[in-house]
file run_7.txt (compact mmCIF, C-alpha atoms)
# COMPACT_ATOMS: atom_id res chain seq x y z
CA MET N 1194 41.40 28.88 56.33
CA LEU N 1195 41.51 25.33 54.98
CA LEU N 1196 45.19 25.79 54.17
CA SER N 1197 45.82 27.34 57.59
CA PHE N 1198 44.30 24.34 59.37
CA LEU N 1199 45.74 21.70 57.03
CA PRO N 1200 48.59 20.68 59.40
CA LEU N 1201 46.13 20.30 62.28
CA LEU N 1202 43.92 18.11 60.11
CA LEU N 1203 46.96 16.04 59.18
CA LEU N 1204 47.49 15.34 62.88
CA PHE N 1205 43.96 14.39 63.85
CA TRP N 1206 41.81 13.76 60.77
CA ARG N 1207 43.65 12.49 57.74
CA GLY N 1208 40.50 12.09 55.70
CA GLY N 1209 39.63 15.69 56.51
CA ALA N 1210 43.11 16.82 55.44
CA ASP N 1211 42.71 15.04 52.12
CA ALA N 1212 39.27 16.60 51.68
CA ALA N 1213 40.62 20.07 52.53
CA ALA N 1214 43.43 19.74 49.97
CA SER N 1215 40.94 18.55 47.35
CA ILE N 1216 38.56 21.45 48.07
CA ILE N 1217 41.41 23.93 47.74
CA GLY N 1218 42.42 22.42 44.40
CA ILE N 1219 38.87 22.25 43.05
CA SER N 1220 38.20 25.83 44.16
CA PHE N 1221 41.33 26.98 42.34
CA LEU N 1222 40.22 25.15 39.22
CA ALA N 1223 36.77 26.73 39.46
CA ILE N 1224 38.28 30.21 39.80
CA VAL N 1225 40.49 29.63 36.74
CA ILE N 1226 37.52 28.51 34.66
CA ALA N 1227 35.07 31.15 35.93
CA ARG N 1228 37.49 34.04 35.49
CA ARG N 1229 39.15 32.54 32.40
CA HIS N 1230 42.64 32.77 33.85
CA TRP N 1231 43.93 30.31 31.28
CA GLY N 1232 47.44 31.71 31.60
CA LEU N 1233 47.82 29.95 34.96
CA ALA N 1234 47.47 26.58 33.25
CA THR N 1235 50.45 27.41 31.04
CA HIS N 1236 52.72 28.41 33.94
CA PRO N 1237 55.79 26.17 33.43
CA MET N 1238 55.66 24.45 36.82
CA LEU N 1239 51.92 23.79 36.68
CA ALA N 1240 52.17 22.73 33.03
CA VAL N 1241 54.80 20.13 33.95
CA LEU N 1242 52.69 18.85 36.86
CA LEU N 1243 49.66 18.53 34.60
CA GLY N 1244 51.85 16.79 32.02
CA ILE N 1245 53.00 14.32 34.67
CA TRP N 1246 49.39 13.67 35.67
CA LEU N 1247 48.42 12.97 32.08
CA LEU N 1248 51.41 10.65 31.72
CA LEU N 1249 50.38 8.75 34.86
CA ASN N 1250 46.83 8.24 33.59
CA LEU N 1251 47.34 7.79 29.86
CA LEU N 1252 50.43 5.57 29.88
CA VAL N 1253 51.60 4.45 33.34
CA SER N 1254 48.29 3.18 34.76
CA PRO N 1255 46.93 1.52 31.59
CA LEU N 1256 50.21 -0.44 31.26
CA ALA N 1257 50.57 -1.18 34.98
CA VAL N 1258 50.85 -4.63 36.49
CA ASP N 1259 47.54 -3.92 38.25
CA PRO N 1260 45.83 -1.07 36.35
CA VAL N 1261 42.96 -0.74 38.85
CA ALA N 1262 45.34 -0.18 41.77
CA SER N 1263 47.40 2.25 39.71
CA PHE N 1264 44.40 4.27 38.56
CA SER N 1265 43.16 4.53 42.15
CA ARG N 1266 46.28 6.54 42.91
CA SER N 1267 47.11 8.23 39.60
CA ILE N 1268 43.71 9.87 39.13
CA ALA N 1269 43.76 11.35 42.64
CA TRP N 1270 47.35 12.61 42.16
CA LEU N 1271 45.85 15.65 40.43
CA ARG N 1272 44.91 17.12 43.82
CA PHE N 1273 48.60 17.60 44.67
CA ALA N 1274 49.24 19.52 41.45
CA LEU N 1275 46.17 21.71 42.00
CA LEU N 1276 47.06 22.29 45.67
CA PHE N 1277 50.53 23.42 44.63
CA ALA N 1278 49.15 25.77 41.99
CA ALA N 1279 46.48 27.17 44.32
CA VAL N 1280 48.91 27.95 47.15
CA VAL N 1281 51.64 29.40 44.95
CA THR N 1282 49.57 31.51 42.56
CA TRP N 1283 46.26 32.23 44.32
CA LEU N 1284 45.99 31.87 48.09
CA ILE N 1285 49.09 33.76 49.27
CA ARG N 1286 49.19 37.19 47.67
CA SER N 1287 50.36 39.40 50.54
CA ARG N 1288 52.28 39.38 53.80
CA ASN N 1289 48.98 39.30 55.68
CA ASP N 1290 47.98 36.08 53.92
CA LEU N 1291 51.36 34.58 54.75
CA LYS N 1292 51.17 35.81 58.35
CA LEU N 1293 47.82 34.10 58.94
CA ILE N 1294 48.92 30.79 57.46
CA ALA N 1295 52.37 30.82 59.08
CA GLY N 1296 50.85 31.70 62.45
CA LEU N 1297 48.40 28.78 62.49
CA TRP N 1298 50.96 26.36 61.08
CA GLY N 1299 53.35 27.54 63.80
CA VAL N 1300 50.77 26.90 66.51
CA THR N 1301 50.25 23.36 65.19
CA VAL N 1302 54.00 22.68 65.08
CA ALA N 1303 54.40 24.08 68.61
CA PHE N 1304 51.60 21.84 69.89
CA SER N 1305 53.23 18.82 68.23
CA ILE N 1306 56.52 19.60 69.98
CA VAL N 1307 54.91 20.11 73.39
CA ASP N 1308 52.82 16.94 73.07
CA GLY N 1309 55.86 14.96 71.99
CA LEU N 1310 58.01 16.23 74.86
CA ILE N 1311 55.29 15.36 77.38
CA GLN N 1312 55.17 11.89 75.85
CA LEU N 1313 58.95 11.63 76.29
CA LEU N 1314 58.73 12.62 79.96
CA ARG N 1315 55.79 10.46 81.06
CA GLY N 1316 55.57 7.79 78.36
CA THR N 1317 52.17 8.91 77.06
CA SER N 1318 51.28 12.06 75.17
CA LEU N 1319 48.44 14.42 76.07
CA THR N 1320 46.58 12.88 73.15
CA GLY N 1321 46.93 9.42 74.72
CA ASN N 1322 49.59 7.91 72.47
CA PRO N 1323 52.44 5.82 73.92
CA MET N 1324 55.99 6.00 72.60
CA TYR N 1325 56.70 3.79 69.60
CA GLY N 1326 58.65 0.75 70.74
CA LEU N 1327 59.97 2.73 73.74
CA THR N 1328 62.50 4.35 71.40
CA ARG N 1329 60.69 6.90 69.22
CA ILE N 1330 58.39 9.81 69.95
CA THR N 1331 55.07 9.98 68.12
CA GLY N 1332 53.36 12.96 69.78
CA PRO N 1333 49.77 13.29 68.49
CA LEU N 1334 50.37 10.71 65.74
CA ASP N 1335 49.87 6.95 65.97
CA ARG N 1336 53.09 6.31 64.05
CA PRO N 1337 56.72 7.49 64.49
CA ASN N 1338 56.65 10.27 61.88
CA ILE N 1339 56.27 13.38 64.03
CA GLY N 1340 59.93 14.35 63.52
CA MET N 1341 59.57 14.47 59.74
CA PHE N 1342 56.21 16.23 60.12
CA VAL N 1343 57.79 18.97 62.26
CA ALA N 1344 60.87 19.23 60.01
CA ARG N 1345 58.92 19.56 56.77
CA LEU N 1346 56.45 22.09 58.14
CA SER N 1347 58.96 24.12 60.18
CA PHE N 1348 61.41 24.91 57.40
CA PRO N 1349 58.91 26.92 55.32
CA LEU N 1350 58.00 28.81 58.50
CA LEU N 1351 61.68 29.57 59.01
CA ALA N 1352 61.93 30.75 55.38
CA ALA N 1353 58.96 33.07 55.95
CA MET N 1354 60.61 34.86 58.89
CA PRO N 1355 62.76 37.36 56.91
CA LEU N 1356 59.65 38.52 55.08
CA LEU N 1357 57.47 38.68 58.20
CA ILE N 1358 59.82 39.92 60.93
CA GLY N 1359 62.79 41.29 58.98
CA VAL N 1360 66.50 40.68 59.41
CA ARG N 1361 67.17 42.84 62.46
CA ALA N 1362 69.27 41.48 65.33
CA ARG N 1363 66.27 40.91 67.61
CA SER N 1364 64.37 38.94 64.98
CA THR N 1365 67.49 36.89 64.27
CA TYR N 1366 67.73 35.91 67.95
CA VAL N 1367 64.06 34.89 67.99
CA ALA N 1368 64.54 32.74 64.88
CA ALA N 1369 67.68 31.15 66.36
CA ALA N 1370 65.91 30.28 69.62
CA MET N 1371 62.94 28.75 67.80
CA THR N 1372 65.26 26.82 65.51
CA ALA N 1373 67.21 25.43 68.49
CA VAL N 1374 63.97 24.20 70.10
CA GLY N 1375 62.78 22.59 66.87
CA LEU N 1376 66.14 20.95 66.21
CA THR N 1377 66.32 19.59 69.75
CA PHE N 1378 62.86 18.06 69.43
CA ILE N 1379 63.55 16.49 66.03
CA LEU N 1380 66.75 14.93 67.38
CA LEU N 1381 64.87 13.61 70.42
CA THR N 1382 62.23 11.91 68.27
CA GLY N 1383 64.73 9.25 67.27
CA GLU N 1384 63.86 9.60 63.57
CA ARG N 1385 67.21 9.36 61.84
CA SER N 1386 66.15 10.63 58.41
CA ALA N 1387 64.37 13.64 59.92
CA ALA N 1388 67.38 14.44 62.09
CA LEU N 1389 69.91 14.12 59.27
CA LEU N 1390 67.85 16.20 56.85
CA THR N 1391 67.20 18.92 59.44
CA VAL N 1392 70.87 19.21 60.35
CA ALA N 1393 71.84 19.21 56.66
CA GLY N 1394 69.25 21.91 55.88
CA LEU N 1395 70.43 24.15 58.71
CA ILE N 1396 74.10 23.66 57.80
CA THR N 1397 73.32 24.54 54.17
CA ALA N 1398 71.63 27.80 55.19
CA ALA N 1399 74.25 28.73 57.79
CA PHE N 1400 77.22 27.86 55.59
CA GLY N 1401 75.70 29.73 52.66
CA SER N 1402 75.25 32.84 54.79
CA ILE N 1403 79.01 33.00 55.30
CA PHE N 1404 79.43 33.68 51.56
CA VAL N 1405 76.22 35.59 50.86
CA PHE N 1406 76.62 37.91 53.88
CA PRO N 1407 80.36 38.48 54.34
CA ARG N 1408 79.67 41.05 57.08
CA TYR N 1409 77.89 38.41 59.13
CA ARG N 1410 80.29 35.52 58.81
CA LEU N 1411 80.55 35.33 62.57
CA HIS N 1412 76.76 34.87 62.82
CA GLY N 1413 76.92 32.02 60.30
CA LEU N 1414 79.72 30.33 62.23
CA LEU N 1415 77.80 30.76 65.47
CA ALA N 1416 74.75 29.15 63.84
CA LEU N 1417 76.89 26.18 62.83
CA LEU N 1418 78.27 25.92 66.36
CA LEU N 1419 74.75 26.17 67.79
CA ALA N 1420 73.52 23.30 65.62
CA GLY N 1421 76.56 21.22 66.54
CA GLY N 1422 76.17 22.04 70.23
CA VAL N 1423 72.50 21.04 70.24
CA GLY N 1424 73.30 17.74 68.52
CA ALA N 1425 76.21 16.94 70.84
CA THR N 1426 74.17 17.79 73.95
CA VAL N 1427 71.24 15.59 72.91
CA ALA N 1428 73.53 12.67 72.05
CA ALA N 1429 75.48 13.04 75.30
CA THR N 1430 72.44 13.25 77.57
CA SER N 1431 70.16 10.65 75.95
CA GLU N 1432 71.23 7.04 75.90
CA ARG N 1433 68.29 6.30 73.60
CA ILE N 1434 69.50 8.80 70.97
CA TRP N 1435 73.10 7.69 71.35
CA GLU N 1436 72.01 4.13 70.59
CA ARG N 1437 70.06 5.32 67.53
CA MET N 1438 73.21 7.10 66.33
CA ARG N 1439 75.27 3.94 66.81
CA GLU N 1440 72.69 1.99 64.80
CA LEU N 1441 72.92 4.61 62.06
CA GLY N 1442 76.70 4.33 62.03
CA SER N 1443 76.41 0.57 61.71
CA VAL N 1444 73.93 0.89 58.81
CA LEU N 1445 76.22 3.32 56.96
CA LYS N 1446 79.29 1.16 57.60
CA HIS N 1447 77.61 -1.98 56.29
CA PHE N 1448 75.11 -0.34 53.97
CA SER N 1449 75.31 -3.00 51.25
CA GLU N 1450 74.07 -5.55 53.81
CA SER N 1451 71.37 -3.33 55.30
CA HIS N 1452 67.59 -3.53 54.88
CA TYR N 1453 67.65 -0.14 53.12
CA ALA N 1454 70.07 -1.39 50.48
CA GLU N 1455 67.78 -4.37 49.98
CA LEU N 1456 64.75 -2.09 49.48
CA PHE N 1457 66.61 0.22 47.10
CA GLY N 1458 67.84 -2.80 45.16
CA ILE N 1459 64.31 -4.18 44.85
CA GLY N 1460 63.18 -0.82 43.45
CA ILE N 1461 65.95 -0.93 40.84
CA ASP N 1462 65.06 -4.54 39.97
CA ILE N 1463 61.43 -3.54 39.40
CA TRP N 1464 62.57 -0.67 37.18
CA HIS N 1465 64.78 -3.05 35.16
CA ASN N 1466 61.66 -5.12 34.45
CA TYR N 1467 59.50 -2.09 33.61
CA PRO N 1468 62.02 0.54 32.45
CA ILE N 1469 59.89 3.00 30.46
CA PHE N 1470 56.63 3.43 32.39
CA GLY N 1471 57.31 1.47 35.56
CA ALA N 1472 55.23 -1.19 37.26
CA GLY N 1473 52.42 1.26 37.96
CA MET N 1474 51.46 3.33 40.98
CA LYS N 1475 50.57 1.34 44.10
CA ASN N 1476 52.16 -1.69 42.43
CA PHE N 1477 55.50 -1.81 44.24
CA GLU N 1478 54.56 -4.47 46.79
CA ALA N 1479 52.95 -6.83 44.27
CA SER N 1480 55.88 -6.40 41.87
CA CYS N 1481 58.31 -7.02 44.70
CA TRP N 1482 56.70 -10.38 45.50
CA ALA N 1483 56.64 -11.34 41.83
CA ILE N 1484 60.20 -10.29 40.98
CA ALA N 1485 62.35 -10.19 44.08
CA ALA N 1486 60.65 -12.40 46.70
CA PRO N 1487 63.65 -14.78 47.05
CA LYS N 1488 65.92 -11.82 47.85
CA VAL N 1489 63.66 -10.25 50.48
CA SER N 1490 64.58 -10.95 54.10
CA ASP N 1491 61.76 -9.09 55.84
CA GLY N 1492 58.79 -9.15 53.49
CA CYS N 1493 57.86 -6.78 50.67
CA PRO N 1494 56.90 -3.25 51.75
CA SER N 1495 54.51 -0.89 49.97
CA HIS N 1496 57.33 1.41 48.75
CA PRO N 1497 61.15 1.40 48.47
CA HIS N 1498 61.75 4.11 51.12
CA ASN N 1499 63.36 6.50 48.65
CA ALA N 1500 61.41 9.09 46.70
CA TYR N 1501 63.43 8.92 43.48
CA ILE N 1502 63.56 5.12 43.38
CA GLU N 1503 59.80 5.09 44.01
CA TRP N 1504 59.25 7.35 40.99
CA LEU N 1505 61.56 5.13 38.95
CA ALA N 1506 60.02 1.79 40.00
CA GLU N 1507 56.37 2.83 39.76
CA THR N 1508 56.43 5.33 36.85
CA GLY N 1509 59.61 4.39 34.98
CA VAL N 1510 62.23 6.65 33.50
CA THR N 1511 59.56 8.87 31.89
CA GLY N 1512 57.88 9.64 35.21
CA LEU N 1513 61.17 10.31 36.96
CA LEU N 1514 62.32 12.62 34.15
CA GLY N 1515 59.10 14.61 34.41
CA TYR N 1516 59.57 14.97 38.16
CA VAL N 1517 63.22 16.04 37.73
CA VAL N 1518 62.17 18.69 35.19
CA PHE N 1519 59.71 20.03 37.76
CA LEU N 1520 62.46 20.18 40.41
CA LEU N 1521 64.77 22.04 38.02
CA LEU N 1522 62.03 24.63 37.47
CA LEU N 1523 61.78 25.07 41.25
CA LEU N 1524 65.51 25.79 41.45
CA LEU N 1525 65.39 28.21 38.51
CA ALA N 1526 62.47 30.08 40.10
CA THR N 1527 64.36 30.38 43.40
CA TRP N 1528 67.77 31.43 42.06
CA PRO N 1529 66.89 35.16 41.59
CA LEU N 1530 66.46 35.49 45.37
CA LEU N 1531 70.21 35.31 45.83
CA ARG N 1532 70.62 38.45 43.69
CA GLY N 1533 68.14 40.54 45.71
CA ASP N 1534 68.39 42.57 48.90
CA ALA N 1535 69.17 41.19 52.36
CA VAL N 1536 65.65 39.89 52.93
CA ALA N 1537 65.61 38.10 49.57
CA ARG N 1538 69.05 36.58 49.99
CA LEU N 1539 68.35 35.30 53.49
CA THR N 1540 65.03 33.90 52.27
CA GLY N 1541 66.89 32.17 49.43
CA LEU N 1542 69.30 30.51 51.85
CA LEU N 1543 66.46 29.27 54.06
CA VAL N 1544 64.57 28.02 51.00
CA ALA N 1545 67.70 26.07 50.09
CA GLY N 1546 67.40 24.46 53.52
CA CYS N 1547 63.78 23.62 52.70
CA PHE N 1548 64.88 21.94 49.49
CA ILE N 1549 67.41 19.83 51.39
CA VAL N 1550 64.72 18.60 53.78
CA LEU N 1551 62.20 17.93 51.01
CA LEU N 1552 64.25 16.88 48.00
CA PHE N 1553 67.58 15.39 49.09
CA PRO N 1554 67.90 12.14 47.11
CA LEU N 1555 70.41 10.03 49.08
CA ILE N 1556 68.34 9.11 52.11
CA ALA N 1557 65.52 6.84 53.21
CA THR N 1558 62.17 8.62 53.13
CA GLN N 1559 58.45 8.04 53.36
CA SER N 1560 56.41 7.31 50.24
CA VAL N 1561 55.85 10.28 47.91
CA PHE N 1562 52.60 8.79 46.57
CA SER N 1563 50.85 7.55 49.71
CA ASN N 1564 48.20 10.04 50.88
CA TRP N 1565 49.43 11.29 54.27
CA PRO N 1566 53.21 11.68 53.67
CA ALA N 1567 52.60 12.95 50.15
CA LEU N 1568 50.24 15.62 51.45
CA VAL N 1569 52.78 16.74 54.07
CA PHE N 1570 55.39 16.98 51.30
CA TRP N 1571 53.21 18.95 48.87
CA ALA N 1572 51.87 21.29 51.56
CA SER N 1573 55.43 22.13 52.63
CA LEU N 1574 56.72 22.54 49.08
CA SER N 1575 53.71 24.69 48.13
CA LEU N 1576 54.20 27.09 51.02
CA THR N 1577 57.93 27.27 50.29
CA MET N 1578 57.37 28.29 46.68
CA ALA N 1579 54.61 30.73 47.66
CA ILE N 1580 57.18 32.44 49.90
CA VAL N 1581 59.63 32.54 46.98
CA ARG N 1582 57.01 34.09 44.71
CA LEU N 1583 55.88 36.66 47.28
CA THR N 1584 59.47 37.68 48.07
CA LEU N 1585 60.31 38.14 44.39
CA LYS N 1586 57.11 40.08 43.87
CA GLU N 1587 58.07 42.51 46.64
CA GLN N 1588 61.57 42.82 45.18
CA GLU N 1589 60.04 44.04 41.91
CA ARG N 1590 58.24 46.83 43.75
CA VAL N 1591 61.43 48.20 45.30
call {"tool": "encode", "arguments": {"input": "run_7.txt", "output": "structure tokens"}}
result
Amino acid sequence: MLLSFLPLLLLFWRGGADAAASIIGISFLAIVIARRHWGLATHPMLAVLLGIWLLLNLLVSPLAVDPVASFSRSIAWLRFALLFAAVVTWLIRSRNDLKLIAGLWGVTVAFSIVDGLIQLLRGTSLTGNPMYGLTRITGPLDRPNIGMFVARLSFPLLAAMPLLIGVRARSTYVAAAMTAVGLTFILLTGERSAALLTVAGLITAAFGSIFVFPRYRLHGLLALLLAGGVGATVAATSERIWERMRELGSVLKHFSESHYAELFGIGIDIWHNYPIFGAGMKNFEASCWAIAAPKVSDGCPSHPHNAYIEWLAETGVTGLLGYVVFLLLLLLATWPLLRGDAVARLTGLLVAGCFIVLLFPLIATQSVFSNWPALVFWASLSLTMAIVRLTLKEQERV
């Protein structure tokens, strides 16, 4: 139940969401110890995550620019590893488990969309929040991150559909309609990263289906046309979104002069100064002022707005390599889906879309270490891999 209500807690009680994730992780650890399931600790993905945590606390934080600040984040990072292990190996063992969690996550996502659309229409959401700078929707949040929230939580729900409702024509139409609504909302939020990642994830899944399901090439092409039609309609009917697209085009055209290029460059400069173990977690801002202050045009932020550069700047090449090894294990664990039956293959394509939204490297993102965005990321990734594991488990029974 804590996992089922985690997205709702993320909307309204961030401390409660952090507590829920910690309770889930501690409960999992207690079960492992009480039942002596030591084999779970040697599972490759969990072993790598535990190895990363040890690295953060034994080498990165002690050698950090500000060890106290780094330890305050590195010690607590264990809850993400335990949450991932609990969701993937313990909490979701059957379709009924998945149905309960997906249902309540879906209700939370639907509420977020409705609240955001009401905010767009009347300027204030049902939860009393105004639009951010008159340009971006926030919905129930007090910051303009609802688009990424909906994108990251919706894609695992989409990946769960083949397992929960099958691949019949009627279920496909339901999934397409829900996807169109979600895509429209994410585009309307004005969050460029969320919009780009969502479109890229959907295109990956739809384009892949053309090759994986030759009999349904027309359906894949129609999905691509649907995504393009939704995007074109939103851009054509919303001057606000059209202006955001023009700004994006200007950023891409003159990227080397943009604020994002400046932030990425600062992250690389910090890494050059602390190449092996980084400057330490929660040390980006202080290191920025110490190293790159003359180059900064708009102050030093708390993170470089790119997940991989954040790993590199704060944990060095060793931390980034550990994270990349973990990602490679995710891909290896998912690959067998594409050799299964129709349900498994479709799930594999949708999981690929999840990976695009969560792991694509060449884009500006939220911090991967800060509590709230990191918890959204790990909750989404955990549910995605639990779906992979459950699908493969059912394939073995056939």
call {"tool": "residues_around", "arguments": {"input": "run_7.txt", "residues": "range 1501-1511 of chain N", "least_positions_apart": "5", "cutoff": "8 Å", "atoms": "all atoms listed in the file", "output": "PyMOL selection string"}}
result
chain N and resi 1249+1253+1457+1460-1461+1463-1464+1467-1477+1496+1554+1560-1561
call {"tool": "closest_atom_pairs", "arguments": {"input": "run_7.txt", "of": "range 1234-1306 of chain N", "to": "range 1318-1340 of chain N", "cutoff": "12 Å", "atoms": "only C-alpha atoms", "output": "tab-separated table"}}
result
residue	atom	partner	partner_atom	distance
N:Thr1301	CA	N:Pro1333	CA	10.6
N:Val1302	CA	N:Ile1339	CA	9.6
N:Ala1303	CA	N:Gly1332	CA	11.2
N:Phe1304	CA	N:Pro1333	CA	8.9
N:Ser1305	CA	N:Gly1332	CA	6.1
N:Ile1306	CA	N:Gly1332	CA	7.4
call {"tool": "closest_residue", "arguments": {"input": "run_7.txt", "among": "N:Glu1432, N:Leu1551, N:Gly1394, N:Phe1562", "to": "Ile1268 in chain N", "atoms": "all atoms listed in the file"}}
result
N:Phe1562
call {"tool": "closest_residue", "arguments": {"input": "run_7.txt", "among": "N:Ala1240, N:Phe1553, N:Ser1267, N:Ala1486", "to": "Leu1389 in chain N", "atoms": "all atoms listed in the file"}}
result
N:Phe1553
call {"tool": "closest_residue", "arguments": {"input": "run_7.txt", "among": "N:Val1517, N:Leu1297, N:Met1578, N:Leu1376", "to": "Leu1201 in chain N", "atoms": "all atoms listed in the file"}}
result
N:Leu1297
call {"tool": "closest_residue", "arguments": {"input": "run_7.txt", "among": "N:Thr1558, N:Ser1263, N:Thr1391, N:Ser1451", "to": "Ser1347 in chain N", "atoms": "only C-alpha atoms"}}
result
N:Thr1391
call {"tool": "closest_residue", "arguments": {"input": "run_7.txt", "among": "N:Ile1224, N:Leu1196, N:Leu1381, N:Leu1233", "to": "Ala1428 in chain N", "atoms": "all atoms listed in the file"}}
result
N:Leu1381
call {"tool": "atom_distance", "arguments": {"input": "run_7.txt", "atom1": "CA of Thr1282 in chain N", "atom2": "CA of Met1341 in chain N"}}
result
26.2 Å
call {"tool": "atom_distance", "arguments": {"input": "run_7.txt", "atom1": "CA of Ser1573 in chain N", "atom2": "CA of Val1343 in chain N"}}
result
10.4 Å
call {"tool": "decode", "arguments": {"input": "run_7.txt", "residues": "range 1542-1577 of chain N", "atoms": "C-alpha atoms", "output": "PDB file, in the first residue's frame"}}
result
ATOM      1  CA  LEU N1542       9.132  -2.118 -26.698  1.00  0.00           C
ATOM      2  CA  LEU N1543       7.238  -0.092 -24.101  1.00  0.00           C
ATOM      3  CA  VAL N1544      10.013  -0.675 -21.562  1.00  0.00           C
ATOM      4  CA  ALA N1545      12.428   0.712 -24.158  1.00  0.00           C
ATOM      5  CA  GLY N1546      10.244   3.822 -24.161  1.00  0.00           C
ATOM      6  CA  CYS N1547      10.544   3.921 -20.367  1.00  0.00           C
ATOM      7  CA  PHE N1548      14.320   3.796 -20.652  1.00  0.00           C
ATOM      8  CA  ILE N1549      14.297   6.719 -23.093  1.00  0.00           C
ATOM      9  CA  VAL N1550      12.281   8.841 -20.660  1.00  0.00           C
ATOM     10  CA  LEU N1551      14.393   7.864 -17.651  1.00  0.00           C
ATOM     11  CA  LEU N1552      17.903   7.346 -18.991  1.00  0.00           C
ATOM     12  CA  PHE N1553      18.435   9.366 -22.174  1.00  0.00           C
ATOM     13  CA  PRO N1554      21.757  11.173 -21.654  1.00  0.00           C
ATOM     14  CA  LEU N1555      21.676  14.126 -24.079  1.00  0.00           C
ATOM     15  CA  ILE N1556      19.100  16.342 -22.404  1.00  0.00           C
ATOM     16  CA  ALA N1557      18.654  18.701 -19.476  1.00  0.00           C
ATOM     17  CA  THR N1558      17.121  16.944 -16.482  1.00  0.00           C
ATOM     18  CA  GLN N1559      16.397  17.347 -12.804  1.00  0.00           C
ATOM     19  CA  SER N1560      18.931  16.272 -10.198  1.00  0.00           C
ATOM     20  CA  VAL N1561      19.337  12.507  -9.748  1.00  0.00           C
ATOM     21  CA  PHE N1562      20.486  12.922  -6.133  1.00  0.00           C
ATOM     22  CA  SER N1563      18.051  15.487  -4.732  1.00  0.00           C
ATOM     23  CA  ASN N1564      15.265  13.800  -2.743  1.00  0.00           C
ATOM     24  CA  TRP N1565      12.064  14.515  -4.687  1.00  0.00           C
ATOM     25  CA  PRO N1566      13.203  14.084  -8.330  1.00  0.00           C
ATOM     26  CA  ALA N1567      15.435  11.166  -7.374  1.00  0.00           C
ATOM     27  CA  LEU N1568      12.513   9.401  -5.704  1.00  0.00           C
ATOM     28  CA  VAL N1569      10.315   9.921  -8.786  1.00  0.00           C
ATOM     29  CA  PHE N1570      13.114   8.451 -10.914  1.00  0.00           C
ATOM     30  CA  TRP N1571      13.734   5.401  -8.716  1.00  0.00           C
ATOM     31  CA  ALA N1572      10.025   4.678  -8.218  1.00  0.00           C
ATOM     32  CA  SER N1573       9.489   4.701 -11.988  1.00  0.00           C
ATOM     33  CA  LEU N1574      12.578   2.611 -12.732  1.00  0.00           C
ATOM     34  CA  SER N1575      11.676   0.120  -9.992  1.00  0.00           C
ATOM     35  CA  LEU N1576       8.167  -0.447 -11.318  1.00  0.00           C
ATOM     36  CA  THR N1577       9.520  -0.764 -14.868  1.00  0.00           C
TER      37      THR N1577
END
